[in-house]
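Worksheet: one structure, shown below.
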Amino acid sequence: MSKFITIANNKGGVGKTTTAINLAAALTERSKKVLLVDLDPQGGLTIGLGFDPDNFEKTVYDVLIGSQPSSKSVTIQTKMPGLDLVPANQDLSGAEAELIGEVAWESTLRNALNNTKDYDYVIIDCPPSLGVLTVNGLVAAQTVIIPLQCEYLAMRGLRQLNKIIEKIRAKVNPKLTPRILRTMHQTRTIHSTDVVEEVEKVFGVKVYSSIIKRTIKFADSSVAGEPVLNYAKNSEAANAYRELAKEVLKYG
Ligand SMILES: Nc1ncnc2c1ncn2[C@@H]1O[C@H](COP(=O)(O)OP(=O)(O)OP(=O)(O)O)[C@@H](O)[C@H]1O
Ligand SMILES: [Mg+2]
């Protein structure tokens, strides 16, 4: 059985897509087969892997609205062996309105990803919102990784996301386990540890010990259209995601 991980945070630009790409790359280095699913109409994940979203006729959108029988027919191979992608483009922005009228709309993605047994991990990259797409991502997952910039303001946004996670756990997906990943960490700021304590106390959510520091390497690698694990193989940035992959392999 594949393990499903969703990357979500309604705050934009916190490192969701970067985490999806580099965690996936780190898992493939450990001989895992990974399917990445782009669930953002902006197609950041698709672009980050070196593709032009506008070049795809069939994307995750077609799977969600049922015009394609399963994700298999829209899955493409990436440059990295063992790493495949279900791409997204602007078409997906229409899916919110189309899905909401359907019965059990929140399980559409979970049902559409029923043909993924070849993969050890399926990693879903959500848009920066708490709408239909993100809820579908959360219903499909066993683990939700929440990238968080460790500032006090960031915690305020977490409250809304946490509420939705609690509802989904109570109603449709009791297995969903949230975990926080500290991203864009600046070594000079000191309150990261305080934030961790606060997050664990207030939300009861575990925080990964791996920390992703702020570095320009991530922007550079996304321009190059590849994971930082390829672009700067031996960088601290690459190693930080390798450490995260170890934690993910250990406890999800
Ligand atoms: N640890 C980091 N240090 C510095 N820059 C980073 C880091 N992680 C990501 N970035 C850069 O910050 C920008 C936003 O990152 P990313 O696209 O991963 O965030 P996101 O949460 O997916 O954004 P969105 O909400 O718009 O989808 C990108 O330019 C990315 O290269
Ligand atoms: Mg993104």
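Scheme for the structure tokens: letters A, B, ... for chains in order shown; per-chain residue numbers from 1; ligand numbers from 1 in order shown.
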Spatial neighbours of Met1 (chain A), max dist 12 Å, only C-alpha atoms, sep filter under 5 positions, as a PDB file with N, CA, C and O atoms, in the first residue's frame:
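This went into around13.pdb:
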ATOM      1  N   LYS A  33       9.747   4.506  -4.592  1.00  0.00           N
ATOM      2  CA  LYS A  33       9.066   5.050  -5.777  1.00  0.00           C
ATOM      3  C   LYS A  33       8.050   6.078  -5.300  1.00  0.00           C
ATOM      4  O   LYS A  33       7.278   5.809  -4.373  1.00  0.00           O
ATOM      5  N   LEU A 113      -7.181   8.486  -6.831  1.00  0.00           N
ATOM      6  CA  LEU A 113      -5.822   7.956  -6.654  1.00  0.00           C
ATOM      7  C   LEU A 113      -5.877   6.512  -6.162  1.00  0.00           C
ATOM      8  O   LEU A 113      -5.164   6.127  -5.247  1.00  0.00           O
ATOM      9  N   ASN A 114      -6.724   5.723  -6.788  1.00  0.00           N
ATOM     10  CA  ASN A 114      -6.912   4.346  -6.298  1.00  0.00           C
ATOM     11  C   ASN A 114      -5.997   3.363  -7.011  1.00  0.00           C
ATOM     12  O   ASN A 114      -6.042   2.176  -6.774  1.00  0.00           O
ATOM     13  N   ASN A 115      -5.166   3.907  -7.910  1.00  0.00           N
ATOM     14  CA  ASN A 115      -4.376   3.019  -8.763  1.00  0.00           C
ATOM     15  C   ASN A 115      -2.889   3.287  -8.593  1.00  0.00           C
ATOM     16  O   ASN A 115      -2.142   3.337  -9.565  1.00  0.00           O
ATOM     17  N   THR A 116      -2.466   3.482  -7.356  1.00  0.00           N
ATOM     18  CA  THR A 116      -1.096   3.948  -7.123  1.00  0.00           C
ATOM     19  C   THR A 116      -0.240   2.916  -6.396  1.00  0.00           C
ATOM     20  O   THR A 116       0.804   3.265  -5.854  1.00  0.00           O
ATOM     21  N   LYS A 117      -0.652   1.647  -6.422  1.00  0.00           N
ATOM     22  CA  LYS A 117       0.063   0.649  -5.622  1.00  0.00           C
ATOM     23  C   LYS A 117       1.535   0.486  -6.009  1.00  0.00           C
ATOM     24  O   LYS A 117       2.322  -0.003  -5.219  1.00  0.00           O
ATOM     25  N   ASP A 118       1.887   0.908  -7.218  1.00  0.00           N
ATOM     26  CA  ASP A 118       3.291   0.806  -7.641  1.00  0.00           C
ATOM     27  C   ASP A 118       4.192   1.767  -6.874  1.00  0.00           C
ATOM     28  O   ASP A 118       5.408   1.643  -6.919  1.00  0.00           O
ATOM     29  N   TYR A 119       3.596   2.731  -6.209  1.00  0.00           N
ATOM     30  CA  TYR A 119       4.396   3.750  -5.522  1.00  0.00           C
ATOM     31  C   TYR A 119       4.443   3.497  -4.015  1.00  0.00           C
ATOM     32  O   TYR A 119       3.447   3.119  -3.416  1.00  0.00           O
ATOM     33  N   ASP A 120       5.614   3.751  -3.429  1.00  0.00           N
ATOM     34  CA  ASP A 120       5.717   3.652  -1.975  1.00  0.00           C
ATOM     35  C   ASP A 120       5.082   4.877  -1.324  1.00  0.00           C
ATOM     36  O   ASP A 120       4.441   4.778  -0.291  1.00  0.00           O
ATOM     37  N   TYR A 121       5.282   6.024  -1.970  1.00  0.00           N
ATOM     38  CA  TYR A 121       4.734   7.277  -1.423  1.00  0.00           C
ATOM     39  C   TYR A 121       4.005   8.069  -2.510  1.00  0.00           C
ATOM     40  O   TYR A 121       4.462   8.137  -3.649  1.00  0.00           O
ATOM     41  N   VAL A 122       2.883   8.656  -2.114  1.00  0.00           N
ATOM     42  CA  VAL A 122       2.193   9.624  -2.963  1.00  0.00           C
ATOM     43  C   VAL A 122       2.223  10.940  -2.183  1.00  0.00           C
ATOM     44  O   VAL A 122       1.776  10.994  -1.035  1.00  0.00           O
ATOM     45  N   GLN A 142      -2.554  10.181   4.954  1.00  0.00           N
ATOM     46  CA  GLN A 142      -2.345   9.689   6.317  1.00  0.00           C
ATOM     47  C   GLN A 142      -1.565  10.713   7.139  1.00  0.00           C
ATOM     48  O   GLN A 142      -1.745  10.825   8.338  1.00  0.00           O
TER      49      GLN A 142
END
If you count only C-alpha atoms and all ligand atoms, which residues end up within 10 Å of ligand 2, as a CSV table (one decimal) with N, CA, C and O atoms, in the first residue's frame?
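Contents of pocket_18.csv, freshly written:
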chain,number,residue,atom,x,y,z
A,7,ILE,N,1.0,18.0,1.6
A,7,ILE,CA,1.7,19.2,2.1
A,7,ILE,C,0.7,20.4,2.1
A,7,ILE,O,0.2,20.7,1.0
A,8,ALA,N,0.4,20.9,3.2
A,8,ALA,CA,-0.6,22.0,3.2
A,8,ALA,C,-0.3,23.1,4.2
A,8,ALA,O,0.3,22.9,5.2
A,9,ASN,N,-0.7,24.3,3.8
A,9,ASN,CA,-0.7,25.5,4.7
A,9,ASN,C,-1.4,26.5,3.9
A,9,ASN,O,-1.0,26.8,2.7
A,11,LYS,N,-1.3,29.6,4.3
A,11,LYS,CA,-0.4,30.7,4.1
A,11,LYS,C,0.4,30.4,2.8
A,11,LYS,O,0.9,29.3,2.6
A,12,GLY,N,0.6,31.4,1.9
A,12,GLY,CA,1.3,31.3,0.7
A,12,GLY,C,2.8,31.4,0.9
A,12,GLY,O,3.2,32.1,1.9
A,13,GLY,N,3.6,30.8,0.1
A,13,GLY,CA,5.0,31.0,0.0
A,13,GLY,C,5.8,30.5,1.3
A,13,GLY,O,6.8,31.1,1.7
A,14,VAL,N,5.3,29.4,1.9
A,14,VAL,CA,6.0,28.9,3.1
A,14,VAL,C,6.9,27.7,2.9
A,14,VAL,O,7.5,27.2,3.8
A,15,GLY,N,6.9,27.3,1.6
A,15,GLY,CA,7.8,26.2,1.3
A,15,GLY,C,7.0,24.8,1.0
A,15,GLY,O,7.7,23.8,1.1
A,16,LYS,N,5.8,24.9,0.7
A,16,LYS,CA,5.0,23.7,0.5
A,16,LYS,C,5.6,22.9,-0.8
A,16,LYS,O,5.9,21.7,-0.7
A,17,THR,N,5.6,23.7,-1.9
A,17,THR,CA,6.1,23.0,-3.1
A,17,THR,C,7.5,22.6,-3.0
A,17,THR,O,7.9,21.5,-3.5
A,18,THR,N,8.3,23.4,-2.4
A,18,THR,CA,9.8,23.1,-2.3
A,18,THR,C,9.9,21.8,-1.4
A,18,THR,O,10.7,20.9,-1.7
A,19,THR,N,9.1,21.7,-0.4
A,19,THR,CA,9.1,20.5,0.4
A,19,THR,C,8.6,19.3,-0.3
A,19,THR,O,9.2,18.2,-0.2
A,20,ALA,N,7.5,19.4,-1.1
A,20,ALA,CA,7.0,18.3,-1.9
A,20,ALA,C,8.1,17.7,-2.8
A,20,ALA,O,8.4,16.5,-2.8
A,38,ASP,N,0.3,17.4,-8.2
A,38,ASP,CA,0.2,18.9,-8.1
A,38,ASP,C,-1.3,19.2,-8.0
A,38,ASP,O,-2.1,18.9,-8.9
A,39,LEU,N,-1.6,19.8,-6.9
A,39,LEU,CA,-3.0,20.1,-6.6
A,39,LEU,C,-3.2,21.6,-6.6
A,39,LEU,O,-4.1,22.1,-5.9
A,40,ASP,N,-2.3,22.4,-7.2
A,40,ASP,CA,-2.4,23.8,-7.2
A,40,ASP,C,-2.5,24.3,-8.6
A,40,ASP,O,-1.7,24.0,-9.5
A,41,PRO,N,-3.6,25.1,-8.9
A,41,PRO,CA,-3.8,25.6,-10.3
A,41,PRO,C,-2.7,26.4,-10.8
A,41,PRO,O,-2.5,26.6,-12.0
A,42,GLN,N,-1.8,27.0,-9.9
A,42,GLN,CA,-0.6,27.7,-10.3
A,42,GLN,C,0.4,26.8,-10.9
A,42,GLN,O,1.4,27.2,-11.5
A,43,GLY,N,0.3,25.5,-10.6
A,43,GLY,CA,1.2,24.5,-11.2
A,43,GLY,C,2.7,24.6,-10.7
A,43,GLY,O,3.6,24.3,-11.4
A,44,GLY,N,2.9,25.1,-9.5
A,44,GLY,CA,4.2,25.3,-9.0
A,44,GLY,C,5.1,24.1,-9.0
A,44,GLY,O,6.3,24.1,-9.3
A,45,LEU,N,4.5,23.0,-8.6
A,45,LEU,CA,5.2,21.7,-8.6
A,45,LEU,C,5.6,21.2,-10.0
A,45,LEU,O,6.7,20.8,-10.2
A,46,THR,N,4.6,21.4,-10.9
A,46,THR,CA,4.9,21.0,-12.3
A,46,THR,C,6.0,21.9,-12.9
A,46,THR,O,6.9,21.3,-13.5
A,48,GLY,N,8.3,23.5,-11.1
A,48,GLY,CA,9.5,23.2,-10.3
A,48,GLY,C,10.3,21.9,-10.7
A,48,GLY,O,11.4,21.7,-10.5
A,125,ASP,N,0.7,18.2,-3.3
A,125,ASP,CA,1.1,19.6,-3.0
A,125,ASP,C,-0.1,20.5,-3.1
A,125,ASP,O,-0.7,20.6,-4.2
A,126,CYS,N,-0.6,21.1,-2.0
A,126,CYS,CA,-1.8,21.8,-2.0
A,126,CYS,C,-1.6,23.3,-2.3
A,126,CYS,O,-0.5,23.8,-2.2
A,127,PRO,N,-2.7,24.0,-2.8
A,127,PRO,CA,-2.6,25.4,-3.0
A,127,PRO,C,-2.6,26.2,-1.7
A,127,PRO,O,-3.0,25.6,-0.7
A,128,PRO,N,-2.3,27.5,-1.6
A,128,PRO,CA,-2.4,28.2,-0.4
A,128,PRO,C,-3.8,28.7,0.0
A,128,PRO,O,-4.1,29.9,0.0
Problem - Distance criterion (only C-alpha atoms and all ligand atoms): nearest to ligand 1 out of A:Gly204, A:Pro147, A:Gly157, A:Gly252 - result: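 Smallest separation from ligand 1 among the options: A:Pro147.
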Handout entry: Sel. of strand (DSSP E or B) residues, region 20-242 of chain A, as a PyMOL selection string
Key = chain A and resi 34-38+76-77+83-86+121-125+143-149+177-185+206-213
Practice task
Using DSSP on the backbone coordinates, identify all residues within region 24-238 of chain A classified as helix (DSSP H, G or I); present the result as a PyMOL selection string.
Solution key: chain A and resi 24-29+44-48+53-55+60-64+71-74+90-100+105-112+132-140+152-171+192-203+217-224+228-231+236-238
Considering only C-alpha atoms, return as a PDB file with N, CA, C and O atoms, in the first residue's frame whatever protein or nucleic-acid residues lie within 12 Å of Val135 (chain A), sequence-local ones (same chain, fewer than 4 positions apart) excluded.
ATOM      1  N   THR A   6       0.230  14.656   2.417  1.00  0.00           N
ATOM      2  CA  THR A   6      -0.208  15.917   1.816  1.00  0.00           C
ATOM      3  C   THR A   6       0.568  17.070   2.447  1.00  0.00           C
ATOM      4  O   THR A   6       0.811  17.070   3.661  1.00  0.00           O
ATOM      5  N   ILE A   7       0.986  18.009   1.613  1.00  0.00           N
ATOM      6  CA  ILE A   7       1.691  19.192   2.119  1.00  0.00           C
ATOM      7  C   ILE A   7       0.706  20.356   2.054  1.00  0.00           C
ATOM      8  O   ILE A   7       0.229  20.707   0.973  1.00  0.00           O
ATOM      9  N   ALA A   8       0.382  20.926   3.201  1.00  0.00           N
ATOM     10  CA  ALA A   8      -0.639  21.978   3.208  1.00  0.00           C
ATOM     11  C   ALA A   8      -0.303  23.097   4.184  1.00  0.00           C
ATOM     12  O   ALA A   8       0.294  22.867   5.242  1.00  0.00           O
ATOM     13  N   ASN A   9      -0.658  24.283   3.793  1.00  0.00           N
ATOM     14  CA  ASN A   9      -0.695  25.456   4.666  1.00  0.00           C
ATOM     15  C   ASN A   9      -1.402  26.540   3.866  1.00  0.00           C
ATOM     16  O   ASN A   9      -1.031  26.794   2.721  1.00  0.00           O
ATOM     17  N   ASN A  10      -2.423  27.132   4.462  1.00  0.00           N
ATOM     18  CA  ASN A  10      -3.162  28.160   3.733  1.00  0.00           C
ATOM     19  C   ASN A  10      -2.345  29.431   3.520  1.00  0.00           C
ATOM     20  O   ASN A  10      -2.668  30.241   2.672  1.00  0.00           O
ATOM     21  N   LEU A  39      -1.612  19.811  -6.867  1.00  0.00           N
ATOM     22  CA  LEU A  39      -3.013  20.139  -6.616  1.00  0.00           C
ATOM     23  C   LEU A  39      -3.211  21.650  -6.553  1.00  0.00           C
ATOM     24  O   LEU A  39      -4.137  22.147  -5.925  1.00  0.00           O
ATOM     25  N   GLU A  96     -12.852  23.554  -8.326  1.00  0.00           N
ATOM     26  CA  GLU A  96     -13.490  23.886  -7.049  1.00  0.00           C
ATOM     27  C   GLU A  96     -15.002  23.976  -7.234  1.00  0.00           C
ATOM     28  O   GLU A  96     -15.777  23.324  -6.544  1.00  0.00           O
ATOM     29  N   LEU A  99     -16.652  20.551  -8.353  1.00  0.00           N
ATOM     30  CA  LEU A  99     -16.685  19.458  -7.369  1.00  0.00           C
ATOM     31  C   LEU A  99     -17.697  19.694  -6.260  1.00  0.00           C
ATOM     32  O   LEU A  99     -18.336  18.759  -5.773  1.00  0.00           O
ATOM     33  N   ILE A 100     -17.839  20.940  -5.873  1.00  0.00           N
ATOM     34  CA  ILE A 100     -18.635  21.234  -4.688  1.00  0.00           C
ATOM     35  C   ILE A 100     -20.089  20.769  -4.824  1.00  0.00           C
ATOM     36  O   ILE A 100     -20.749  20.452  -3.850  1.00  0.00           O
ATOM     37  N   ALA A 104     -20.156  13.566  -1.914  1.00  0.00           N
ATOM     38  CA  ALA A 104     -18.846  13.168  -1.373  1.00  0.00           C
ATOM     39  C   ALA A 104     -17.686  13.831  -2.127  1.00  0.00           C
ATOM     40  O   ALA A 104     -16.679  13.198  -2.426  1.00  0.00           O
ATOM     41  N   TRP A 105     -17.858  15.118  -2.399  1.00  0.00           N
ATOM     42  CA  TRP A 105     -16.831  15.846  -3.150  1.00  0.00           C
ATOM     43  C   TRP A 105     -15.469  15.804  -2.462  1.00  0.00           C
ATOM     44  O   TRP A 105     -14.438  15.843  -3.099  1.00  0.00           O
ATOM     45  N   GLU A 106     -15.489  15.706  -1.123  1.00  0.00           N
ATOM     46  CA  GLU A 106     -14.223  15.763  -0.389  1.00  0.00           C
ATOM     47  C   GLU A 106     -13.367  14.502  -0.602  1.00  0.00           C
ATOM     48  O   GLU A 106     -12.179  14.506  -0.314  1.00  0.00           O
ATOM     49  N   SER A 107     -13.990  13.433  -1.101  1.00  0.00           N
ATOM     50  CA  SER A 107     -13.240  12.184  -1.316  1.00  0.00           C
ATOM     51  C   SER A 107     -12.882  11.964  -2.775  1.00  0.00           C
ATOM     52  O   SER A 107     -12.406  10.883  -3.142  1.00  0.00           O
ATOM     53  N   THR A 108     -13.106  12.951  -3.610  1.00  0.00           N
ATOM     54  CA  THR A 108     -12.872  12.783  -5.046  1.00  0.00           C
ATOM     55  C   THR A 108     -11.422  12.409  -5.352  1.00  0.00           C
ATOM     56  O   THR A 108     -11.147  11.486  -6.114  1.00  0.00           O
ATOM     57  N   LEU A 109     -10.482  13.117  -4.730  1.00  0.00           N
ATOM     58  CA  LEU A 109      -9.069  12.835  -5.012  1.00  0.00           C
ATOM     59  C   LEU A 109      -8.690  11.445  -4.483  1.00  0.00           C
ATOM     60  O   LEU A 109      -8.030  10.676  -5.163  1.00  0.00           O
ATOM     61  N   ARG A 110      -9.135  11.154  -3.265  1.00  0.00           N
ATOM     62  CA  ARG A 110      -8.824   9.850  -2.681  1.00  0.00           C
ATOM     63  C   ARG A 110      -9.299   8.725  -3.618  1.00  0.00           C
ATOM     64  O   ARG A 110      -8.588   7.767  -3.870  1.00  0.00           O
ATOM     65  N   ILE A 124       1.208  14.937  -2.124  1.00  0.00           N
ATOM     66  CA  ILE A 124       0.255  15.870  -2.736  1.00  0.00           C
ATOM     67  C   ILE A 124       0.578  17.297  -2.300  1.00  0.00           C
ATOM     68  O   ILE A 124       0.659  17.586  -1.102  1.00  0.00           O
ATOM     69  N   ASP A 125       0.747  18.186  -3.275  1.00  0.00           N
ATOM     70  CA  ASP A 125       1.099  19.584  -2.990  1.00  0.00           C
ATOM     71  C   ASP A 125      -0.142  20.470  -3.122  1.00  0.00           C
ATOM     72  O   ASP A 125      -0.687  20.624  -4.212  1.00  0.00           O
ATOM     73  N   CYS A 126      -0.585  21.053  -2.018  1.00  0.00           N
ATOM     74  CA  CYS A 126      -1.830  21.838  -2.005  1.00  0.00           C
ATOM     75  C   CYS A 126      -1.595  23.310  -2.346  1.00  0.00           C
ATOM     76  O   CYS A 126      -0.501  23.838  -2.153  1.00  0.00           O
ATOM     77  N   PRO A 127      -2.652  23.985  -2.798  1.00  0.00           N
ATOM     78  CA  PRO A 127      -2.573  25.435  -3.016  1.00  0.00           C
ATOM     79  C   PRO A 127      -2.647  26.172  -1.678  1.00  0.00           C
ATOM     80  O   PRO A 127      -3.026  25.575  -0.671  1.00  0.00           O
ATOM     81  N   PRO A 128      -2.304  27.475  -1.644  1.00  0.00           N
ATOM     82  CA  PRO A 128      -2.358  28.219  -0.385  1.00  0.00           C
ATOM     83  C   PRO A 128      -3.771  28.679  -0.039  1.00  0.00           C
ATOM     84  O   PRO A 128      -4.062  29.868  -0.013  1.00  0.00           O
ATOM     85  N   SER A 129      -4.643  27.739   0.219  1.00  0.00           N
ATOM     86  CA  SER A 129      -6.019  28.091   0.605  1.00  0.00           C
ATOM     87  C   SER A 129      -6.601  26.909   1.367  1.00  0.00           C
ATOM     88  O   SER A 129      -5.999  25.838   1.411  1.00  0.00           O
ATOM     89  N   LEU A 130      -7.759  27.117   1.943  1.00  0.00           N
ATOM     90  CA  LEU A 130      -8.395  26.015   2.667  1.00  0.00           C
ATOM     91  C   LEU A 130      -9.675  25.593   1.947  1.00  0.00           C
ATOM     92  O   LEU A 130     -10.670  25.255   2.564  1.00  0.00           O
ATOM     93  N   GLY A 131      -9.651  25.627   0.635  1.00  0.00           N
ATOM     94  CA  GLY A 131     -10.844  25.319  -0.143  1.00  0.00           C
ATOM     95  C   GLY A 131     -10.985  23.851  -0.477  1.00  0.00           C
ATOM     96  O   GLY A 131     -10.387  22.974   0.160  1.00  0.00           O
ATOM     97  N   VAL A 139      -8.173  14.739   2.937  1.00  0.00           N
ATOM     98  CA  VAL A 139      -8.977  13.510   3.053  1.00  0.00           C
ATOM     99  C   VAL A 139      -8.194  12.314   2.504  1.00  0.00           C
ATOM    100  O   VAL A 139      -8.325  11.188   2.991  1.00  0.00           O
ATOM    101  N   ALA A 140      -7.337  12.572   1.518  1.00  0.00           N
ATOM    102  CA  ALA A 140      -6.605  11.474   0.876  1.00  0.00           C
ATOM    103  C   ALA A 140      -5.386  10.999   1.682  1.00  0.00           C
ATOM    104  O   ALA A 140      -4.839   9.942   1.400  1.00  0.00           O
ATOM    105  N   ALA A 141      -4.958  11.787   2.689  1.00  0.00           N
ATOM    106  CA  ALA A 141      -3.641  11.541   3.292  1.00  0.00           C
ATOM    107  C   ALA A 141      -3.676  10.824   4.638  1.00  0.00           C
ATOM    108  O   ALA A 141      -4.664  10.872   5.360  1.00  0.00           O
ATOM    109  N   VAL A 144      -0.259  14.853   7.150  1.00  0.00           N
ATOM    110  CA  VAL A 144      -0.201  16.175   6.529  1.00  0.00           C
ATOM    111  C   VAL A 144       0.995  16.912   7.108  1.00  0.00           C
ATOM    112  O   VAL A 144       1.115  17.088   8.315  1.00  0.00           O
ATOM    113  N   LEU A 161      -6.240  26.092   9.908  1.00  0.00           N
ATOM    114  CA  LEU A 161      -5.882  24.828   9.284  1.00  0.00           C
ATOM    115  C   LEU A 161      -6.110  23.680  10.258  1.00  0.00           C
ATOM    116  O   LEU A 161      -6.665  22.637   9.914  1.00  0.00           O
ATOM    117  N   ASN A 162      -5.706  23.904  11.499  1.00  0.00           N
ATOM    118  CA  ASN A 162      -5.851  22.860  12.501  1.00  0.00           C
ATOM    119  C   ASN A 162      -7.323  22.500  12.744  1.00  0.00           C
ATOM    120  O   ASN A 162      -7.669  21.340  12.937  1.00  0.00           O
ATOM    121  N   LYS A 163      -8.189  23.499  12.686  1.00  0.00           N
ATOM    122  CA  LYS A 163      -9.623  23.271  12.863  1.00  0.00           C
ATOM    123  C   LYS A 163     -10.164  22.353  11.768  1.00  0.00           C
ATOM    124  O   LYS A 163     -10.919  21.412  12.033  1.00  0.00           O
ATOM    125  N   ILE A 164      -9.751  22.626  10.537  1.00  0.00           N
ATOM    126  CA  ILE A 164     -10.207  21.806   9.411  1.00  0.00           C
ATOM    127  C   ILE A 164      -9.666  20.387   9.535  1.00  0.00           C
ATOM    128  O   ILE A 164     -10.380  19.410   9.307  1.00  0.00           O
ATOM    129  N   ILE A 165      -8.405  20.266   9.938  1.00  0.00           N
ATOM    130  CA  ILE A 165      -7.814  18.934  10.115  1.00  0.00           C
ATOM    131  C   ILE A 165      -8.606  18.157  11.167  1.00  0.00           C
ATOM    132  O   ILE A 165      -8.932  16.987  10.982  1.00  0.00           O
ATOM    133  N   GLU A 166      -8.944  18.823  12.266  1.00  0.00           N
ATOM    134  CA  GLU A 166      -9.714  18.159  13.331  1.00  0.00           C
ATOM    135  C   GLU A 166     -11.072  17.688  12.807  1.00  0.00           C
ATOM    136  O   GLU A 166     -11.519  16.589  13.110  1.00  0.00           O
ATOM    137  N   LYS A 167     -11.736  18.517  12.014  1.00  0.00           N
ATOM    138  CA  LYS A 167     -13.036  18.143  11.455  1.00  0.00           C
ATOM    139  C   LYS A 167     -12.913  16.937  10.540  1.00  0.00           C
ATOM    140  O   LYS A 167     -13.719  16.015  10.595  1.00  0.00           O
ATOM    141  N   ILE A 168     -11.887  16.956   9.698  1.00  0.00           N
ATOM    142  CA  ILE A 168     -11.697  15.845   8.755  1.00  0.00           C
ATOM    143  C   ILE A 168     -11.377  14.562   9.505  1.00  0.00           C
ATOM    144  O   ILE A 168     -11.872  13.487   9.176  1.00  0.00           O
ATOM    145  N   ARG A 169     -10.572  14.698  10.566  1.00  0.00           N
ATOM    146  CA  ARG A 169     -10.272  13.513  11.386  1.00  0.00           C
ATOM    147  C   ARG A 169     -11.540  12.953  12.013  1.00  0.00           C
ATOM    148  O   ARG A 169     -11.754  11.748  12.076  1.00  0.00           O
ATOM    149  N   VAL A 172     -14.234  12.052   8.387  1.00  0.00           N
ATOM    150  CA  VAL A 172     -13.933  11.183   7.243  1.00  0.00           C
ATOM    151  C   VAL A 172     -12.602  10.453   7.261  1.00  0.00           C
ATOM    152  O   VAL A 172     -12.461   9.410   6.639  1.00  0.00           O
ATOM    153  N   ASN A 173     -11.632  11.002   7.951  1.00  0.00           N
ATOM    154  CA  ASN A 173     -10.289  10.421   7.831  1.00  0.00           C
ATOM    155  C   ASN A 173      -9.572  10.410   9.182  1.00  0.00           C
ATOM    156  O   ASN A 173      -8.665  11.199   9.439  1.00  0.00           O
ATOM    157  N   LEU A 176      -5.629  10.724   9.697  1.00  0.00           N
ATOM    158  CA  LEU A 176      -4.845  11.904   9.323  1.00  0.00           C
ATOM    159  C   LEU A 176      -4.024  12.441  10.508  1.00  0.00           C
ATOM    160  O   LEU A 176      -4.575  12.812  11.539  1.00  0.00           O
TER     161      LEU A 176
END
Handout entry: Test item: residues at most 9 Å from Glu226 (chain A), only C-alpha atoms, excluding those fewer than 2 positions along its chain, as number ranges by chain
Key = A: 21-22, 48-50, 79-80, 221-224, 228-231
Exercise for the section: Find the residue from A:Arg30, A:Lys201, A:Lys217, A:Lys171 that sits nearest to ligand 1; use only C-alpha atoms and all ligand atoms when measuring. Expected result: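 Closest to ligand 1, using only C-alpha atoms and all ligand atoms: A:Lys217.
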Problem - Atomic separation - atom 31 (O, counted along the ligand's line) of ligand 1 relative to CA of Ala88 (chain A), Å - result: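 Spanning CA of Ala88 (chain A) to atom 31 (O, counted along the ligand's line) of ligand 1 is a straight-line distance of 18.3 Å.
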Exercise for the section: Have a look at A:Gly225, A:Pro178, A:Pro69, A:Gly82 and name the one nearest to ligand 1; count only C-alpha atoms and all ligand atoms. Expected result: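 With only C-alpha atoms and all ligand atoms as the atom set, the closest residue is A:Gly225.
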Handout entry: Shell around Ala95 (chain A) at 10 Å using only C-alpha atoms, local window under 6 positions removed, as a list of chain:residue names
Key = A:Pro41, A:Val60, A:Tyr61, A:Asp62, A:Leu64, A:Ile65, A:Val132, A:Leu133
Exercise for the section: Between A:Arg214, A:Lys246, A:Lys32, A:Arg156, single out the one closest to ligand 1, counting only C-alpha atoms and all ligand atoms. Expected result: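 That would be A:Arg214, the residue with the smallest distance to ligand 1.
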Handout entry: Best match for closeness to ligand 1 among A:Gln68, A:His185, A:Ala238, A:Ala24, counting only C-alpha atoms and all ligand atoms
Key =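 Looking only at the distances to ligand 1, the closest residue turns out to be A:His185.
Distances here use only C-alpha atoms and all ligand atoms; by that measure, the residue among A:Ala240, A:Ala112, A:Val199, A:Leu138 closest to ligand 1 is A:Ala240.
The list of residues with at least one atom within 12 Å of region 194-196 of chain A, based on only C-alpha atoms and without residues fewer than 4 positions apart in the same chain, reads Leu148, Gln149, Cys150, Glu151, Tyr152, Leu153, Ala154, Met155, Arg156, Leu158, Arg179, Ile180, Leu181, Arg182, Thr189, Ile190, Glu200, Lys201, Val202, Phe203, Gly204, Val205, Lys206, Val207, Tyr208, Ser209 and Ile211 of chain A.
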